[in-house]
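Data block below; observations after.
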Amino acid sequence: MVGMIGATSLVGRRLTPLLAASGARVAAFSRRGAPEGGDPARWFTLPEPGGEPLAASAVGESVPLWVCAAPIWCLPDHFGLLEVLGARRVAAVSSTSLYTKSGS
């Protein structure tokens, strides 16, 4: 199983179905919950930082592989979730838009 934080982000919306199409089971996490449509992922609403953590039993299995498509500065807020779900590897997708779009 692959976990996705920021599954409704621009990258997450594209990557989640690609992962599912490759045969991966995807646990998609977002602050907004599941989007409309027939997305093949299992959707979960991210707990608020400092709020009640999601129980591992809510997902039903460990999630060792993760992709973070949310803003990278949000990732530390979810370290507890990653730990509870048995994360072993995390790939974070980020950009330099903070710097490249500063004049726009």
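Labeling convention for the structure tokens: chains A, B, ... as they appear, residues from 1 per chain, ligands from 1 in order of appearance.
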### Message
Report as an NGL selection string all protein, DNA and RNA residues lying within 6 Å of Gly33 of chain A, evaluated on only C-alpha atoms, omitting residues in the same chain fewer than 2 positions from it.
### Response
:A and (30-31 or 44-45)
Take the residues from that selection and write them out as an mmCIF file, in the first residue's frame, keeping N, CA and C atoms.
```cif
data_model
loop_
_atom_site.group_PDB
_atom_site.id
_atom_site.type_symbol
_atom_site.label_atom_id
_atom_site.label_comp_id
_atom_site.auth_asym_id
_atom_site.auth_seq_id
_atom_site.Cartn_x
_atom_site.Cartn_y
_atom_site.Cartn_z
ATOM 1 N N SER A 30 -6.255 13.756 2.603
ATOM 2 C CA SER A 30 -6.432 15.160 2.257
ATOM 3 C C SER A 30 -7.204 15.839 3.379
ATOM 4 N N ARG A 31 -7.017 17.139 3.518
ATOM 5 C CA ARG A 31 -7.810 17.891 4.496
ATOM 6 C C ARG A 31 -9.268 17.933 4.082
ATOM 7 N N PHE A 44 -9.172 9.212 3.057
ATOM 8 C CA PHE A 44 -9.209 9.544 4.477
ATOM 9 C C PHE A 44 -9.012 11.041 4.631
ATOM 10 N N THR A 45 -9.679 11.614 5.618
ATOM 11 C CA THR A 45 -9.478 13.024 5.919
ATOM 12 C C THR A 45 -8.327 13.146 6.900
#
```
Quick one: residues within 9 Å of Trp66 of chain A, only C-alpha atoms counted, chain neighbours fewer than 5 positions away excluded, as a PyMOL selection string? chain A and resi 1-5+82+87-92
Could you turn the residues from that selection into a file that holds N, CA, C and O atoms, as a PDB file, in the first residue's frame?
```
ATOM      1  N   MET A   1       0.849  -1.179   0.000  1.00  0.00           N
ATOM      2  CA  MET A   1       0.000   0.000   0.000  1.00  0.00           C
ATOM      3  C   MET A   1       0.887   1.232   0.000  1.00  0.00           C
ATOM      4  O   MET A   1       1.923   1.272   0.656  1.00  0.00           O
ATOM      5  N   VAL A   2       0.444   2.267  -0.706  1.00  0.00           N
ATOM      6  CA  VAL A   2       1.135   3.549  -0.781  1.00  0.00           C
ATOM      7  C   VAL A   2       0.217   4.614  -0.196  1.00  0.00           C
ATOM      8  O   VAL A   2      -0.956   4.693  -0.571  1.00  0.00           O
ATOM      9  N   GLY A   3       0.736   5.413   0.721  1.00  0.00           N
ATOM     10  CA  GLY A   3      -0.014   6.523   1.277  1.00  0.00           C
ATOM     11  C   GLY A   3       0.299   7.799   0.514  1.00  0.00           C
ATOM     12  O   GLY A   3       1.427   8.001   0.071  1.00  0.00           O
ATOM     13  N   MET A   4      -0.691   8.649   0.376  1.00  0.00           N
ATOM     14  CA  MET A   4      -0.518   9.926  -0.327  1.00  0.00           C
ATOM     15  C   MET A   4      -1.058  11.049   0.547  1.00  0.00           C
ATOM     16  O   MET A   4      -2.257  11.088   0.835  1.00  0.00           O
ATOM     17  N   ILE A   5      -0.171  11.925   1.004  1.00  0.00           N
ATOM     18  CA  ILE A   5      -0.587  13.128   1.725  1.00  0.00           C
ATOM     19  C   ILE A   5      -0.673  14.239   0.693  1.00  0.00           C
ATOM     20  O   ILE A   5       0.251  14.441  -0.089  1.00  0.00           O
ATOM     21  N   LEU A  82       2.320   9.223  10.069  1.00  0.00           N
ATOM     22  CA  LEU A  82       3.248   8.332   9.365  1.00  0.00           C
ATOM     23  C   LEU A  82       3.791   7.255  10.305  1.00  0.00           C
ATOM     24  O   LEU A  82       3.885   6.083   9.932  1.00  0.00           O
ATOM     25  N   ALA A  87       5.215   3.992   8.481  1.00  0.00           N
ATOM     26  CA  ALA A  87       5.986   4.521   7.342  1.00  0.00           C
ATOM     27  C   ALA A  87       7.441   4.081   7.424  1.00  0.00           C
ATOM     28  O   ALA A  87       8.054   4.098   8.481  1.00  0.00           O
ATOM     29  N   ARG A  88       7.971   3.665   6.286  1.00  0.00           N
ATOM     30  CA  ARG A  88       9.386   3.297   6.168  1.00  0.00           C
ATOM     31  C   ARG A  88      10.110   4.201   5.184  1.00  0.00           C
ATOM     32  O   ARG A  88      11.292   4.435   5.302  1.00  0.00           O
ATOM     33  N   ARG A  89       9.392   4.691   4.163  1.00  0.00           N
ATOM     34  CA  ARG A  89       9.980   5.581   3.160  1.00  0.00           C
ATOM     35  C   ARG A  89       8.965   6.652   2.786  1.00  0.00           C
ATOM     36  O   ARG A  89       7.791   6.368   2.617  1.00  0.00           O
ATOM     37  N   VAL A  90       9.473   7.872   2.628  1.00  0.00           N
ATOM     38  CA  VAL A  90       8.626   8.995   2.239  1.00  0.00           C
ATOM     39  C   VAL A  90       9.322   9.752   1.114  1.00  0.00           C
ATOM     40  O   VAL A  90      10.482  10.133   1.243  1.00  0.00           O
ATOM     41  N   ALA A  91       8.612   9.962   0.013  1.00  0.00           N
ATOM     42  CA  ALA A  91       9.094  10.811  -1.074  1.00  0.00           C
ATOM     43  C   ALA A  91       8.273  12.088  -1.028  1.00  0.00           C
ATOM     44  O   ALA A  91       7.044  12.042  -1.073  1.00  0.00           O
ATOM     45  N   ALA A  92       8.949  13.226  -0.906  1.00  0.00           N
ATOM     46  CA  ALA A  92       8.257  14.516  -0.854  1.00  0.00           C
ATOM     47  C   ALA A  92       8.456  15.241  -2.180  1.00  0.00           C
ATOM     48  O   ALA A  92       9.578  15.372  -2.654  1.00  0.00           O
TER      49      ALA A  92
END
```
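DSSP annotation of chain A from backbone atoms: strand (DSSP E or B) residues are A:Val2, A:Gly3, A:Met4, A:Ile5, A:Val26, A:Ala27, A:Ala28, A:Phe29, A:Ser30, A:Arg42, A:Trp43, A:Phe44, A:Thr45, A:Leu65, A:Trp66, A:Val67, A:Cys68, A:Arg89, A:Val90, A:Ala91, A:Ala92.
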With only C-alpha atoms as the counted atoms, please give the residues lying no more than 12 Å from segment 54-62 of chain A, apart from itself and same-chain residues fewer than 4 positions off, as a PDB file with C-alpha atoms, in the first residue's frame.
```pdb
ATOM      1  CA  MET A   1       0.000   0.000   0.000  1.00  0.00           C
ATOM      2  CA  VAL A   2       1.135   3.549  -0.781  1.00  0.00           C
ATOM      3  CA  GLY A   3      -0.014   6.523   1.277  1.00  0.00           C
ATOM      4  CA  ARG A  25      -3.363   0.161  -3.496  1.00  0.00           C
ATOM      5  CA  VAL A  26      -3.510   3.823  -2.496  1.00  0.00           C
ATOM      6  CA  ALA A  27      -4.535   5.329   0.833  1.00  0.00           C
ATOM      7  CA  ALA A  28      -5.225   8.956  -0.112  1.00  0.00           C
ATOM      8  CA  PHE A  29      -5.163  11.610   2.597  1.00  0.00           C
ATOM      9  CA  ALA A  41      -8.057   5.180  -3.902  1.00  0.00           C
ATOM     10  CA  ARG A  42      -9.315   4.674  -0.354  1.00  0.00           C
ATOM     11  CA  TRP A  43      -9.849   8.181   0.989  1.00  0.00           C
ATOM     12  CA  PHE A  44      -9.209   9.544   4.477  1.00  0.00           C
ATOM     13  CA  THR A  45      -9.478  13.024   5.919  1.00  0.00           C
ATOM     14  CA  LEU A  46      -6.217  14.215   7.463  1.00  0.00           C
ATOM     15  CA  PRO A  47      -6.412  14.935  11.165  1.00  0.00           C
ATOM     16  CA  GLU A  48      -5.834  18.562  12.134  1.00  0.00           C
ATOM     17  CA  PRO A  49      -2.284  19.258  13.389  1.00  0.00           C
ATOM     18  CA  GLY A  50      -2.325  18.818  17.140  1.00  0.00           C
ATOM     19  CA  TRP A  66       4.382   7.413   1.227  1.00  0.00           C
ATOM     20  CA  HIS A  78       1.843  14.525   9.941  1.00  0.00           C
ATOM     21  CA  PHE A  79       4.880  12.680  11.314  1.00  0.00           C
ATOM     22  CA  GLY A  80       2.656  11.127  14.007  1.00  0.00           C
ATOM     23  CA  LEU A  81       0.313   9.746  11.334  1.00  0.00           C
ATOM     24  CA  LEU A  82       3.248   8.332   9.365  1.00  0.00           C
ATOM     25  CA  GLU A  83       4.645   6.702  12.500  1.00  0.00           C
ATOM     26  CA  VAL A  84       1.306   5.157  13.535  1.00  0.00           C
ATOM     27  CA  LEU A  85       0.808   3.715  10.045  1.00  0.00           C
ATOM     28  CA  GLY A  86       4.302   2.211   9.862  1.00  0.00           C
ATOM     29  CA  ALA A  87       5.986   4.521   7.342  1.00  0.00           C
ATOM     30  CA  ARG A  88       9.386   3.297   6.168  1.00  0.00           C
TER      31      ARG A  88
END
```
Counting only C-alpha atoms, the residue among A:Val67, A:Asp39, A:Ala34, A:Glu52 that lies closest to Ala21 of chain A is A:Asp39
From atom CA of Pro17 of chain A to atom CA of Pro64 of chain A the spacing works out at 18.7 Å
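The interatomic distance for the pair atom CA of Ser9 of chain A and atom CA of Ala24 of chain A works out to 19.2 Å.
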(Q) Report as a PyMOL selection string all protein, DNA and RNA residues lying within 8 Å of Ala70 of chain A, evaluated on only C-alpha atoms, omitting residues in the same chain fewer than 5 positions from it. (A) chain A and resi 5-7+9+12+75+93-94
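Among A:Cys74, A:Arg32, A:Val63, A:Ala69, the residue with the shortest atom-to-atom distance to Arg13 of chain A, counting only C-alpha atoms, is A:Ala69.
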Helix (DSSP H, G or I) residues, from DSSP on the backbone, in chain A, as number ranges by chain: A: 10-21, 56-59, 72-84, 97-100
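The two atoms in question, atom CA of Asp77 of chain A and atom CA of Ser95 of chain A, are spaced 18.7 Å apart.
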